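The file target_6.csv contains CSV, C-alpha atoms and all ligand atoms:
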chain,number,residue,atom,x,y,z
Y,1,MET,CA,-4.0,4.0,17.9
Y,2,VAL,CA,-6.8,5.3,15.6
Y,3,GLY,CA,-8.7,2.5,13.8
Y,4,LEU,CA,-9.1,3.3,10.1
Y,5,ARG,CA,-12.0,1.0,9.3
Y,6,PRO,CA,-14.4,2.4,6.8
Y,7,ARG,CA,-17.9,3.3,7.7
Y,8,PRO,CA,-20.2,0.5,6.5
Y,9,HIS,CA,-21.9,1.7,3.4
Y,10,ARG,CA,-25.6,1.5,4.3
Y,11,PRO,CA,-27.8,1.1,1.2
Y,12,ARG,CA,-31.0,3.1,1.0
Y,13,ALA,CA,-34.1,1.2,1.7
Y,14,ALA,CA,-35.3,1.1,-1.9
Y,15,HIS,CA,-32.1,-0.8,-2.9
Y,16,ALA,CA,-31.7,-2.9,0.3
Y,17,VAL,CA,-29.4,-5.9,0.0
Y,18,ALA,CA,-30.1,-9.2,1.5
Y,19,ALA,CA,-29.1,-9.6,5.1
Y,20,PRO,CA,-26.1,-11.9,5.6
Y,21,SER,CA,-27.1,-15.5,6.3
Y,22,ALA,CA,-27.1,-16.7,9.9
Y,23,ALA,CA,-24.2,-19.0,9.1
Y,24,ALA,CA,-22.0,-16.1,8.0
Y,25,PRO,CA,-19.0,-15.7,10.3
Y,26,ALA,CA,-19.3,-12.7,12.6
Y,27,SER,CA,-16.9,-10.0,11.6
Y,28,ILE,CA,-16.1,-6.8,13.3
Y,29,VAL,CA,-15.1,-5.3,10.0
Y,30,PRO,CA,-18.2,-3.9,8.4
Y,31,ALA,CA,-19.1,-5.7,5.2
Y,32,VAL,CA,-18.8,-3.3,2.3
Y,33,ARG,CA,-21.6,-3.8,-0.2
Y,34,ASP,CA,-22.9,-1.9,-3.0
Y,35,ASP,CA,-26.4,-0.6,-3.4
Y,36,VAL,CA,-26.2,-0.4,-7.2
Y,37,THR,CA,-25.5,-4.0,-8.1
Y,38,ALA,CA,-27.1,-5.8,-5.2
Y,39,PRO,CA,-29.9,-8.1,-6.2
Y,40,ALA,CA,-33.3,-7.5,-4.7
Y,41,ARG,CA,-33.1,-10.8,-2.8
Y,42,GLY,CA,-30.9,-13.8,-2.5
Y,43,VAL,CA,-27.2,-14.1,-1.7
Y,44,THR,CA,-25.2,-11.0,-1.0
Y,45,PRO,CA,-23.2,-10.3,-4.2
Y,46,PRO,CA,-19.5,-10.0,-4.2
Y,47,ALA,CA,-18.6,-6.3,-3.6
Y,48,THR,CA,-18.1,-4.4,-6.8
Y,49,PRO,CA,-14.4,-3.5,-7.6
Y,50,ALA,CA,-13.1,-0.5,-5.9
Y,51,LEU,CA,-12.1,1.0,-9.2
Y,52,GLU,CA,-12.7,0.2,-12.9
Y,53,VAL,CA,-11.2,2.4,-15.6
Y,54,GLU,CA,-11.6,1.5,-19.3
Y,55,GLY,CA,-10.0,3.5,-22.1
Y,56,LEU,CA,-9.7,6.8,-20.2
Y,57,ALA,CA,-8.7,9.7,-22.5
Y,58,LYS,CA,-8.1,13.3,-21.4
Y,59,ARG,CA,-6.7,16.1,-23.5
Y,60,TYR,CA,-5.8,19.7,-22.4
Y,61,GLY,CA,-6.2,21.7,-25.6
Y,62,ASP,CA,-4.1,19.8,-28.2
Y,63,ARG,CA,-2.0,18.0,-25.6
Y,64,THR,CA,-3.0,14.5,-24.9
Y,65,ALA,CA,-2.4,13.8,-21.2
Y,66,VAL,CA,-4.1,10.4,-20.9
Y,67,ASP,CA,-4.5,8.2,-23.9
Y,68,GLY,CA,-6.6,5.0,-23.3
Y,69,VAL,CA,-5.7,4.1,-19.7
Y,70,SER,CA,-7.4,1.0,-18.3
Y,71,LEU,CA,-7.1,0.0,-14.6
Y,72,ARG,CA,-8.9,-2.3,-12.2
Y,73,LEU,CA,-8.6,-2.5,-8.4
Y,74,ASP,CA,-10.3,-4.9,-6.1
Y,75,ARG,CA,-11.4,-4.2,-2.6
Y,76,ALA,CA,-8.8,-4.1,0.2
Y,77,ARG,CA,-5.9,-3.8,-2.3
Y,78,VAL,CA,-3.3,-1.2,-3.0
Y,79,LEU,CA,-2.6,0.1,-6.5
Y,80,ALA,CA,0.5,2.1,-7.2
Y,81,LEU,CA,0.5,4.3,-10.3
Y,82,LEU,CA,4.0,5.0,-11.5
Y,83,GLY,CA,5.4,7.0,-14.3
Y,84,PRO,CA,7.8,9.8,-15.1
Y,85,ASN,CA,6.9,13.5,-14.7
Y,86,GLY,CA,4.1,14.4,-17.0
Y,87,ALA,CA,3.1,10.8,-17.6
Y,88,GLY,CA,-0.6,11.4,-16.8
Y,89,LYS,CA,-0.9,10.0,-13.3
Y,90,THR,CA,-2.4,13.0,-11.6
Y,91,THR,CA,-4.8,13.5,-14.5
Y,92,THR,CA,-5.9,9.9,-14.2
Y,93,VAL,CA,-6.5,10.3,-10.4
Y,94,GLU,CA,-8.3,13.6,-10.9
Y,95,SER,CA,-10.6,12.0,-13.5
Y,96,CYS,CA,-11.3,9.1,-11.1
Y,97,VAL,CA,-12.4,11.4,-8.3
Y,98,GLY,CA,-14.5,13.5,-10.6
Y,99,PHE,CA,-12.3,16.6,-10.7
Y,100,ARG,CA,-11.7,16.3,-14.4
Y,101,ARG,CA,-14.3,15.4,-17.1
Y,102,PRO,CA,-12.7,12.7,-19.3
Y,103,ASP,CA,-12.8,13.1,-23.1
Y,104,GLY,CA,-13.3,9.4,-23.5
Y,105,GLY,CA,-13.6,6.1,-21.7
Y,106,ARG,CA,-15.5,4.8,-18.7
Y,107,ILE,CA,-14.8,5.2,-15.0
Y,108,ARG,CA,-16.6,3.4,-12.1
Y,109,VAL,CA,-15.5,4.1,-8.6
Y,110,LEU,CA,-17.2,1.8,-6.1
Y,111,GLY,CA,-19.6,1.1,-8.9
Y,112,LEU,CA,-20.5,4.7,-9.4
Y,113,ASP,CA,-19.8,7.3,-12.1
Y,114,PRO,CA,-17.6,9.9,-10.5
Y,115,ILE,CA,-19.3,12.8,-12.2
Y,116,ALA,CA,-22.9,11.8,-12.7
Y,117,GLU,CA,-23.1,10.2,-9.2
Y,118,SER,CA,-20.6,12.4,-7.4
Y,119,GLU,CA,-22.9,13.2,-4.5
Y,120,ARG,CA,-23.3,9.5,-3.6
Y,121,LEU,CA,-19.7,8.8,-4.2
Y,122,ARG,CA,-18.0,11.7,-2.4
Y,123,PRO,CA,-18.8,10.5,1.2
Y,124,ARG,CA,-17.3,7.1,0.4
Y,125,ILE,CA,-13.9,8.1,-0.9
Y,126,GLY,CA,-10.9,10.0,0.5
Y,127,VAL,CA,-8.8,12.2,-1.7
Y,128,MET,CA,-5.4,13.7,-1.1
Y,129,LEU,CA,-4.2,15.6,-4.1
Y,130,GLN,CA,-1.0,17.5,-4.6
Y,131,SER,CA,-2.8,20.8,-4.7
Y,132,GLY,CA,-4.2,20.8,-1.2
Y,133,GLY,CA,-7.7,22.1,-1.2
Y,134,VAL,CA,-7.0,23.6,2.3
Y,135,TYR,CA,-7.9,27.2,3.4
Y,136,GLN,CA,-4.5,28.8,3.9
Y,137,ALA,CA,-5.6,30.7,7.0
Y,138,ALA,CA,-7.4,27.8,8.7
Y,139,ARG,CA,-5.7,26.2,11.7
Y,140,CYS,CA,-4.7,22.6,11.5
Y,141,ARG,CA,-7.2,21.1,14.0
Y,142,GLU,CA,-10.0,23.6,12.8
Y,143,MET,CA,-9.5,22.4,9.2
Y,144,LEU,CA,-9.7,18.7,10.1
Y,145,ARG,CA,-12.7,19.2,12.3
Y,146,LEU,CA,-14.4,21.1,9.4
Y,147,VAL,CA,-13.9,18.1,7.1
Y,148,ALA,CA,-14.9,15.7,9.8
Y,149,ALA,CA,-18.2,17.6,10.2
Y,150,TYR,CA,-19.2,16.6,6.7
Y,151,ALA,CA,-18.8,12.9,7.4
Y,152,ALA,CA,-21.6,10.7,8.9
Y,153,ASP,CA,-19.3,8.8,11.2
Y,154,PRO,CA,-15.8,10.4,11.2
Y,155,LEU,CA,-12.7,9.4,13.0
Y,156,ASP,CA,-11.8,11.4,16.0
Y,157,PRO,CA,-9.8,14.4,14.6
Y,158,ASP,CA,-7.6,14.8,17.6
Y,159,ALA,CA,-6.6,11.1,17.6
Y,160,LEU,CA,-5.8,11.4,13.9
Y,161,LEU,CA,-3.7,14.5,14.5
Y,162,GLU,CA,-1.9,12.6,17.2
Y,163,ARG,CA,-1.2,9.6,15.0
Y,164,LEU,CA,0.1,11.8,12.3
Y,165,GLY,CA,2.4,13.8,14.7
Y,166,LEU,CA,0.4,17.0,14.3
Y,167,THR,CA,-0.8,17.6,17.8
Y,168,ASP,CA,1.9,20.2,18.5
Y,169,VAL,CA,0.9,22.2,15.5
Y,170,ALA,CA,-2.9,21.7,15.9
Y,171,ASN,CA,-3.4,25.5,16.4
Y,172,VAL,CA,-1.0,26.6,13.6
Y,173,PRO,CA,-2.5,28.0,10.4
Y,174,PHE,CA,-2.0,25.8,7.4
Y,175,ARG,CA,0.2,28.4,5.5
Y,176,ARG,CA,2.7,28.3,8.5
Y,177,LEU,CA,3.0,24.6,8.6
Y,178,SER,CA,6.1,23.0,7.0
Y,179,GLY,CA,5.7,21.2,3.7
Y,180,GLY,CA,5.7,17.8,5.4
Y,181,GLN,CA,3.2,18.9,8.0
Y,182,GLN,CA,0.9,20.2,5.2
Y,183,GLN,CA,1.2,16.8,3.5
Y,184,ARG,CA,0.3,15.0,6.7
Y,185,LEU,CA,-2.7,17.3,7.3
Y,186,SER,CA,-3.9,16.6,3.7
Y,187,LEU,CA,-3.6,12.9,4.5
Y,188,ALA,CA,-5.6,13.3,7.7
Y,189,MET,CA,-8.3,15.1,5.7
Y,190,ALA,CA,-8.5,12.3,3.2
Y,191,LEU,CA,-8.9,9.7,6.0
Y,192,VAL,CA,-11.1,11.4,8.6
Y,193,GLY,CA,-14.4,10.4,6.9
Y,194,ARG,CA,-13.6,6.6,7.0
Y,195,PRO,CA,-13.5,6.2,3.3
Y,196,GLU,CA,-13.8,2.8,1.5
Y,197,LEU,CA,-11.4,3.9,-1.2
Y,198,VAL,CA,-8.6,6.5,-0.8
Y,199,PHE,CA,-6.7,8.3,-3.6
Y,200,LEU,CA,-3.3,9.5,-2.5
Y,201,ASP,CA,-1.3,11.6,-5.0
Y,202,GLU,CA,2.3,11.4,-4.0
Y,203,PRO,CA,1.5,11.1,-0.3
Y,204,THR,CA,5.1,10.9,0.9
Y,205,ALA,CA,6.6,13.7,-1.3
Y,206,GLY,CA,8.7,15.9,0.9
Y,207,LEU,CA,8.2,13.9,4.1
Y,208,ASP,CA,11.1,13.1,6.4
Y,209,PRO,CA,11.9,9.3,6.9
Y,210,GLN,CA,9.8,9.1,10.1
Y,211,ALA,CA,6.7,10.6,8.5
Y,212,ARG,CA,7.2,8.5,5.4
Y,213,HIS,CA,7.3,5.3,7.5
Y,214,GLU,CA,4.3,6.3,9.4
Y,215,THR,CA,2.4,6.9,6.1
Y,216,TRP,CA,3.4,3.4,5.0
Y,217,ARG,CA,2.1,2.0,8.3
Y,218,ILE,CA,-1.2,3.9,7.7
Y,219,VAL,CA,-1.6,2.5,4.1
Y,220,ARG,CA,-1.0,-1.0,5.4
Y,221,ALA,CA,-3.5,-0.5,8.2
Y,222,LEU,CA,-6.1,0.8,5.7
Y,223,ARG,CA,-5.7,-2.2,3.6
Y,224,GLU,CA,-6.0,-4.5,6.6
Y,225,ASP,CA,-9.2,-2.7,7.5
Y,226,GLY,CA,-10.6,-3.4,4.0
Y,227,VAL,CA,-9.9,0.0,2.5
Y,228,SER,CA,-8.7,0.2,-1.1
Y,229,VAL,CA,-5.9,2.6,-1.9
Y,230,VAL,CA,-4.8,4.2,-5.1
Y,231,LEU,CA,-1.5,6.0,-4.8
Y,232,THR,CA,0.9,7.7,-7.1
Y,233,THR,CA,4.5,7.8,-6.2
Y,234,HIS,CA,8.0,8.5,-7.6
Y,235,PHE,CA,9.5,6.2,-4.9
Y,236,MET,CA,10.0,2.8,-6.3
Y,237,ASP,CA,10.8,1.2,-3.0
Y,238,GLU,CA,7.5,2.6,-1.7
Y,239,ALA,CA,5.5,1.0,-4.5
Y,240,GLU,CA,7.4,-2.2,-4.1
Y,241,ARG,CA,6.7,-2.3,-0.3
Y,242,LEU,CA,3.0,-1.2,-0.4
Y,243,ALA,CA,1.4,-2.2,-3.6
Y,244,ASP,CA,-0.5,-5.3,-4.5
Y,245,GLU,CA,-0.7,-4.1,-8.1
Y,246,ILE,CA,1.5,-1.7,-10.0
Y,247,VAL,CA,0.6,0.2,-13.2
Y,248,ILE,CA,3.3,2.1,-15.0
Y,249,ILE,CA,2.1,4.9,-17.2
Y,250,ASP,CA,4.2,6.8,-19.8
Y,251,HIS,CA,3.0,9.4,-22.3
Y,252,GLY,CA,-0.5,8.8,-21.1
Y,253,ARG,CA,-0.5,5.0,-21.8
Y,254,VAL,CA,-0.1,2.0,-19.6
Y,255,ILE,CA,3.2,0.4,-20.5
Y,256,ALA,CA,3.4,-2.3,-17.9
Y,257,ALA,CA,1.1,-3.7,-15.2
Y,258,GLY,CA,1.3,-6.5,-12.6
Y,259,THR,CA,2.3,-7.3,-9.1
Y,260,PRO,CA,5.7,-6.1,-8.0
Y,261,HIS,CA,6.9,-9.7,-8.2
Y,262,GLU,CA,5.6,-10.1,-11.7
Y,263,LEU,CA,7.2,-6.9,-12.9
Y,264,ILE,CA,10.5,-7.5,-11.3
Y,265,ARG,CA,10.7,-11.2,-12.4
Y,266,GLY,CA,9.2,-10.3,-15.8
Y,267,GLY,CA,12.8,-10.0,-17.1
Y,268,ALA,CA,15.0,-11.8,-14.7
Y,269,GLU,CA,15.5,-12.0,-11.0
Y,270,ARG,CA,19.2,-11.0,-11.0
Y,271,GLU,CA,21.5,-9.1,-13.3
Y,272,VAL,CA,25.2,-8.5,-13.9
Y,273,ARG,CA,26.2,-4.8,-14.2
Y,274,PHE,CA,29.6,-3.6,-15.2
Y,275,THR,CA,31.3,-0.6,-16.7
Y,276,ALA,CA,33.6,-0.6,-19.7
Y,277,PRO,CA,34.3,1.7,-22.7
Y,278,PRO,CA,31.1,2.9,-24.3
Y,279,GLY,CA,29.7,1.4,-27.5
Y,280,LEU,CA,30.7,-2.3,-27.1
Y,281,PRO,CA,28.7,-4.5,-29.6
Y,282,THR,CA,26.0,-5.7,-27.2
Y,283,ALA,CA,24.4,-7.9,-29.8
Y,284,ASP,CA,27.8,-9.8,-30.2
Y,285,LEU,CA,28.1,-10.2,-26.4
Y,286,GLU,CA,24.5,-11.4,-26.2
Y,287,ALA,CA,25.1,-14.0,-29.0
Y,288,ALA,CA,28.1,-15.3,-27.0
Y,289,LEU,CA,26.0,-15.9,-23.9
Y,290,PRO,CA,23.3,-18.6,-23.1
Y,291,PRO,CA,19.9,-18.2,-24.7
Y,292,GLY,CA,17.4,-16.0,-22.8
Y,293,VAL,CA,20.1,-13.6,-21.6
Y,294,HIS,CA,19.7,-10.0,-22.6
Y,295,VAL,CA,22.4,-7.3,-22.8
Y,296,VAL,CA,21.7,-3.6,-22.8
Y,297,GLU,CA,23.8,-0.4,-22.4
Y,298,PRO,CA,21.3,1.8,-20.6
Y,299,ALA,CA,23.8,4.6,-20.3
Y,300,PRO,CA,27.1,5.1,-22.1
Y,301,GLY,CA,29.7,2.6,-20.8
Y,302,VAL,CA,27.2,1.0,-18.4
Y,303,TYR,CA,26.2,-2.6,-19.3
Y,304,VAL,CA,23.5,-4.7,-17.9
Y,305,VAL,CA,23.2,-8.4,-18.5
Y,306,ALA,CA,19.9,-9.9,-17.3
Y,307,GLY,CA,19.0,-13.5,-17.2
Y,308,ASP,CA,19.7,-16.6,-15.2
Y,309,VAL,CA,22.9,-15.4,-13.5
Y,310,ASP,CA,25.3,-18.2,-12.5
Y,311,PRO,CA,29.1,-18.4,-12.2
Y,312,GLY,CA,29.3,-19.6,-15.8
Y,313,LEU,CA,27.5,-16.5,-17.1
Y,314,VAL,CA,29.9,-14.2,-15.2
Y,315,ALA,CA,32.9,-16.1,-16.6
Y,316,ALA,CA,31.5,-15.9,-20.1
Y,317,ILE,CA,31.0,-12.1,-19.9
Y,318,THR,CA,34.6,-11.5,-18.6
Y,319,SER,CA,36.2,-13.9,-21.1
Y,320,TRP,CA,34.3,-12.2,-24.0
Y,321,CYS,CA,35.6,-8.9,-22.8
Y,322,ALA,CA,39.1,-10.3,-22.3
Y,323,ALA,CA,39.2,-11.7,-25.8
Y,324,ARG,CA,38.6,-8.0,-27.0
Y,325,ASP,CA,41.1,-6.5,-24.6
Y,326,VAL,CA,38.3,-4.8,-22.8
Y,327,LEU,CA,38.9,-4.1,-19.1
Y,328,VAL,CA,35.7,-4.8,-17.1
Y,329,GLU,CA,35.3,-2.5,-14.1
Y,330,GLY,CA,32.9,-2.4,-11.2
Y,331,LEU,CA,31.3,-5.8,-12.0
Y,332,GLN,CA,28.5,-6.7,-9.7
Y,333,VAL,CA,25.7,-9.2,-9.5
Y,334,LYS,CA,22.6,-7.7,-8.0
Y,335,GLN,CA,19.0,-8.4,-7.3
Y,336,ARG,CA,16.8,-6.5,-9.8
Y,337,THR,CA,14.6,-3.9,-8.2
Y,338,LEU,CA,11.4,-2.2,-9.4
Y,339,GLU,CA,13.6,0.9,-10.1
Y,340,ASP,CA,15.7,-1.1,-12.6
Y,341,VAL,CA,12.5,-2.2,-14.4
Y,342,PHE,CA,11.1,1.3,-14.3
Y,343,LEU,CA,14.2,2.9,-15.8
Y,344,GLU,CA,14.4,0.2,-18.5
Y,345,LEU,CA,10.8,0.8,-19.5
Y,346,THR,CA,10.8,4.6,-19.3
Y,347,GLY,CA,14.4,5.4,-20.1
Y,348,ARG,CA,16.9,7.3,-18.1
Y,349,GLU,CA,16.8,10.7,-19.7
Y,350,LEU,CA,15.2,13.6,-17.9
Y,351,ARG,CA,11.7,14.5,-19.0
Y,352,ALA,CA,10.7,18.1,-19.9
Y,401,LIG,N1,-4.5,21.8,-16.3
Y,401,LIG,C1,-3.7,21.5,-17.3
Y,401,LIG,N2,-3.6,22.2,-18.5
Y,401,LIG,C2,-2.8,21.9,-19.5
Y,401,LIG,N3,-1.9,20.8,-19.4
Y,401,LIG,C3,-1.9,20.0,-18.3
Y,401,LIG,C4,-2.8,20.4,-17.2
Y,401,LIG,N4,-2.6,19.4,-16.2
Y,401,LIG,C5,-1.6,18.6,-16.7
Y,401,LIG,N5,-1.3,19.0,-17.9
Y,401,LIG,C6,-0.3,18.3,-18.8
Y,401,LIG,O1,-0.8,16.9,-19.0
Y,401,LIG,C7,0.3,16.0,-18.9
Y,401,LIG,C8,0.1,15.0,-17.8
Y,401,LIG,O2,0.2,15.7,-16.6
Y,401,LIG,P1,-0.1,15.0,-15.1
Y,401,LIG,O3,0.0,16.1,-14.1
Y,401,LIG,O4,-1.3,14.2,-15.2
Y,401,LIG,O5,1.2,14.0,-15.1
Y,401,LIG,P2,1.9,13.3,-13.8
Y,401,LIG,O6,2.2,11.9,-14.3
Y,401,LIG,O7,1.0,13.4,-12.6
Y,401,LIG,O8,3.2,14.1,-13.6
Y,401,LIG,P3,4.0,14.4,-12.2
Y,401,LIG,O9,4.7,13.1,-11.9
Y,401,LIG,O10,5.0,15.4,-12.7
Y,401,LIG,O11,3.1,14.9,-11.2
Y,401,LIG,C9,1.6,16.8,-18.7
Y,401,LIG,O12,2.1,17.0,-20.0
Y,401,LIG,C10,1.1,18.1,-18.2
Y,401,LIG,O13,1.9,19.2,-18.5

Just give me the structure of the file as structure tokens.
Ligand SMILES: Nc1ncnc2c1ncn2[C@@H]1O[C@H](COP(=O)(O)OP(=O)(O)OP(=O)(O)O)[C@@H](O)[C@H]1O
Amino acid sequence: MVGLRPRPHRPRAAHAVAAPSAAAPASIVPAVRDDVTAPARGVTPPATPALEVEGLAKRYGDRTAVDGVSLRLDRARVLALLGPNGAGKTTTVESCVGFRRPDGGRIRVLGLDPIAESERLRPRIGVMLQSGGVYQAARCREMLRLVAAYAADPLDPDALLERLGLTDVANVPFRRLSGGQQQRLSLAMALVGRPELVFLDEPTAGLDPQARHETWRIVRALREDGVSVVLTTHFMDEAERLADEIVIIDHGRVIAAGTPHELIRGGAEREVRFTAPPGLPTADLEAALPPGVHVVEPAPGVYVVAGDVDPGLVAAITSWCAARDVLVEGLQVKQRTLEDVFLELTGRELRA
């Protein structure tokens, strides 16, 4: 199995950091330090955050794509950026990797400005964007070797191809690969340079379940090896499984942030769902239930009651309905998921 450990970032002599003390525990994982903030002498400082974004703004003509987004990601953590189509996720990621010049705000990636200090930053990050960046005629292995040649201490391209199930198509030109194979090659290209921080824009879009699970294993392995990961995804289960932190963006703004647990429990752990004729007076139902319970009708005729769910709550809902001659159908008590939270926050209607 290919190790995914990042190359230790070696500061230039002029900015040398203090050597670890003799008492420091020996670690096979290279300590990741930063040559920008390290003091000239003394104790090794805590590593700078992997990513800091404050008030990022980006417009395309008169369309505001990102409107004051702030994010922070510590080392060896996974951040999932979620949001409906057109929310501003890709623009945020592209700004963080220096592909877009922001109209406002401040970005620091591994302590560096992604535009002004791009030459120093580029070798330390891996980027997998939706729009490839691959020569269409290049063969799979050829392309990965080319990217590896730019890295100081790359992973073995053949071992990476093997891990990503691409050995059989190593000699196939990129344009002849299936969509999923192209995705996996893009992931390999993002990882081959042993980055300290990886940006993955919808890494599992179009993958079959096996490749999707392998991508998840790789993200977990990266995190265990001290690599930080920023990923965007439309798969809520993926975010729930992989992310330490989740940020939900809508209309270019952060509308919720926290750990998966915080976001899911933010409302309530469980909920009661049922269907009944549309337009029931939800405020009346809510008033008849214990304090702290919330009732919504997210789609016509679908009702969700969130709160401390116990047998008494279920009985109170059905007796309120019975008193109004309303037949409750398909009642279920279910665990809330990130998808429930996401849809409540961003709405269920399709976006343009
Ligand atoms: N190059 C561009 N020129 C003009 N408008 C753009 C450009 N790129 C993105 N946009 C617009 O900016 C907004 C944000 O787009 P962005 O791609 O960042 O969203 P997203 O959250 O990544 O969406 P998706 O989930 O569909 O990939 C959208 O309204 C989009 O149409």

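If only C-alpha atoms are the atoms counted, then among Y:Leu112, Y:Val293, Y:Ala50, Y:Ala211 the closest residue to Pro195 in chain Y is Y:Ala50.
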
At most 9 Å from ligand LIG 401 (chain Y) (all atoms listed in the file): residue list as a short mmCIF file (atom, residue, chain, number, x, y, z; two decimals) with C-alpha atoms, in the frame of the given file:
data_model
loop_
_atom_site.label_atom_id
_atom_site.label_comp_id
_atom_site.auth_asym_id
_atom_site.auth_seq_id
_atom_site.Cartn_x
_atom_site.Cartn_y
_atom_site.Cartn_z
CA LYS Y 58 -8.10 13.30 -21.40
CA ARG Y 59 -6.70 16.10 -23.50
CA TYR Y 60 -5.80 19.70 -22.40
CA GLY Y 61 -6.20 21.70 -25.60
CA ARG Y 63 -2.00 18.00 -25.60
CA THR Y 64 -3.00 14.50 -24.90
CA ALA Y 65 -2.40 13.80 -21.20
CA VAL Y 66 -4.10 10.40 -20.90
CA LEU Y 81 0.50 4.30 -10.30
CA LEU Y 82 4.00 5.00 -11.50
CA GLY Y 83 5.40 7.00 -14.30
CA PRO Y 84 7.80 9.80 -15.10
CA ASN Y 85 6.90 13.50 -14.70
CA GLY Y 86 4.10 14.40 -17.00
CA ALA Y 87 3.10 10.80 -17.60
CA GLY Y 88 -0.60 11.40 -16.80
CA LYS Y 89 -0.90 10.00 -13.30
CA THR Y 90 -2.40 13.00 -11.60
CA THR Y 91 -4.80 13.50 -14.50
CA THR Y 92 -5.90 9.90 -14.20
CA VAL Y 93 -6.50 10.30 -10.40
CA GLU Y 94 -8.30 13.60 -10.90
CA GLN Y 130 -1.00 17.50 -4.60
CA ASP Y 201 -1.30 11.60 -5.00
CA GLU Y 202 2.30 11.40 -4.00
CA THR Y 232 0.90 7.70 -7.10
CA THR Y 233 4.50 7.80 -6.20
CA HIS Y 234 8.00 8.50 -7.60
CA ILE Y 249 2.10 4.90 -17.20
CA ASP Y 250 4.20 6.80 -19.80
CA HIS Y 251 3.00 9.40 -22.30
CA GLY Y 252 -0.50 8.80 -21.10
CA ALA Y 352 10.70 18.10 -19.90
#

Step by step: start from the point (2.4, 0.7, -12.5) in the file's coordinates, keep every protein, DNA or RNA residue that has an atom no farther than 6 Å from it, count all atoms listed in the file, and write the set as a short mmCIF file (atom, residue, chain, number, x, y, z; two decimals) with C-alpha atoms, in the frame of the given file.
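Once written, part13.cif looks like this:
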data_model
loop_
_atom_site.label_atom_id
_atom_site.label_comp_id
_atom_site.auth_asym_id
_atom_site.auth_seq_id
_atom_site.Cartn_x
_atom_site.Cartn_y
_atom_site.Cartn_z
CA ALA Y 80 0.50 2.10 -7.20
CA LEU Y 81 0.50 4.30 -10.30
CA LEU Y 82 4.00 5.00 -11.50
CA ILE Y 246 1.50 -1.70 -10.00
CA VAL Y 247 0.60 0.20 -13.20
CA ILE Y 248 3.30 2.10 -15.00
CA ALA Y 257 1.10 -3.70 -15.20
#

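Each of Y:Ala205, Y:Leu187, Y:Leu155, Y:Ile317 was compared to Glu271 in chain Y using only C-alpha atoms, and Y:Ile317 turns out to be the nearest.
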
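Reported to one decimal place, the separation of CA of Glu224 in chain Y from CA of Ser70 in chain Y is 25.5 Å.
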
- What's the 9 Å shell around Leu185 in chain Y, counting only C-alpha atoms, without same-chain residues fewer than 3 positions away, as JSON, numbers by chain? {"Y": [140, 141, 143, 144, 161, 164, 166, 174, 180, 181, 182, 188, 189, 190]}

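Taking CA of Pro154 in chain Y as the reference point, CA of Arg212 in chain Y is found at 23.8 Å.
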
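Taking CA of Pro260 in chain Y and CA of Val302 in chain Y as the two end points, the separation is 24.9 Å.
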
- Close residues, Arg72 in chain Y itself excluded, 12 Å, only C-alpha atoms, min 3 positions apart in chain, as an NGL selection string: :Y and (48-55 or 69 or 75 or 77-81 or 96 or 106-111 or 228-230 or 244-247 or 257-258)

Counting all atoms listed in the file, find the residues whose atoms lie at most 10 Å from (30.9, -3.9, -25.0) (file coordinates) and write them out as a PDB file with C-alpha atoms, in the coordinates of the input.
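result_19.pdb was written with the following content:
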ATOM      1  CA  PHE Y 274      29.600  -3.600 -15.200  1.00  0.00           C
ATOM      2  CA  THR Y 275      31.300  -0.600 -16.700  1.00  0.00           C
ATOM      3  CA  ALA Y 276      33.600  -0.600 -19.700  1.00  0.00           C
ATOM      4  CA  PRO Y 277      34.300   1.700 -22.700  1.00  0.00           C
ATOM      5  CA  PRO Y 278      31.100   2.900 -24.300  1.00  0.00           C
ATOM      6  CA  GLY Y 279      29.700   1.400 -27.500  1.00  0.00           C
ATOM      7  CA  LEU Y 280      30.700  -2.300 -27.100  1.00  0.00           C
ATOM      8  CA  PRO Y 281      28.700  -4.500 -29.600  1.00  0.00           C
ATOM      9  CA  THR Y 282      26.000  -5.700 -27.200  1.00  0.00           C
ATOM     10  CA  ALA Y 283      24.400  -7.900 -29.800  1.00  0.00           C
ATOM     11  CA  ASP Y 284      27.800  -9.800 -30.200  1.00  0.00           C
ATOM     12  CA  LEU Y 285      28.100 -10.200 -26.400  1.00  0.00           C
ATOM     13  CA  GLU Y 286      24.500 -11.400 -26.200  1.00  0.00           C
ATOM     14  CA  VAL Y 295      22.400  -7.300 -22.800  1.00  0.00           C
ATOM     15  CA  VAL Y 296      21.700  -3.600 -22.800  1.00  0.00           C
ATOM     16  CA  GLU Y 297      23.800  -0.400 -22.400  1.00  0.00           C
ATOM     17  CA  GLY Y 301      29.700   2.600 -20.800  1.00  0.00           C
ATOM     18  CA  VAL Y 302      27.200   1.000 -18.400  1.00  0.00           C
ATOM     19  CA  TYR Y 303      26.200  -2.600 -19.300  1.00  0.00           C
ATOM     20  CA  ILE Y 317      31.000 -12.100 -19.900  1.00  0.00           C
ATOM     21  CA  TRP Y 320      34.300 -12.200 -24.000  1.00  0.00           C
ATOM     22  CA  CYS Y 321      35.600  -8.900 -22.800  1.00  0.00           C
ATOM     23  CA  ARG Y 324      38.600  -8.000 -27.000  1.00  0.00           C
ATOM     24  CA  VAL Y 326      38.300  -4.800 -22.800  1.00  0.00           C
ATOM     25  CA  LEU Y 327      38.900  -4.100 -19.100  1.00  0.00           C
ATOM     26  CA  VAL Y 328      35.700  -4.800 -17.100  1.00  0.00           C
TER      27      VAL Y 328
END

Assuming 4 Å of padding per side, give the centre and edge lengths of the axis-aligned box around every listed atom of range 48-56 of chain Y, in Å to one decimal and as AutoDock Vina command-line options.
--center_x -13.9 --center_y 1.2 --center_z -14.0 --size_x 16.4 --size_y 19.2 --size_z 24.2
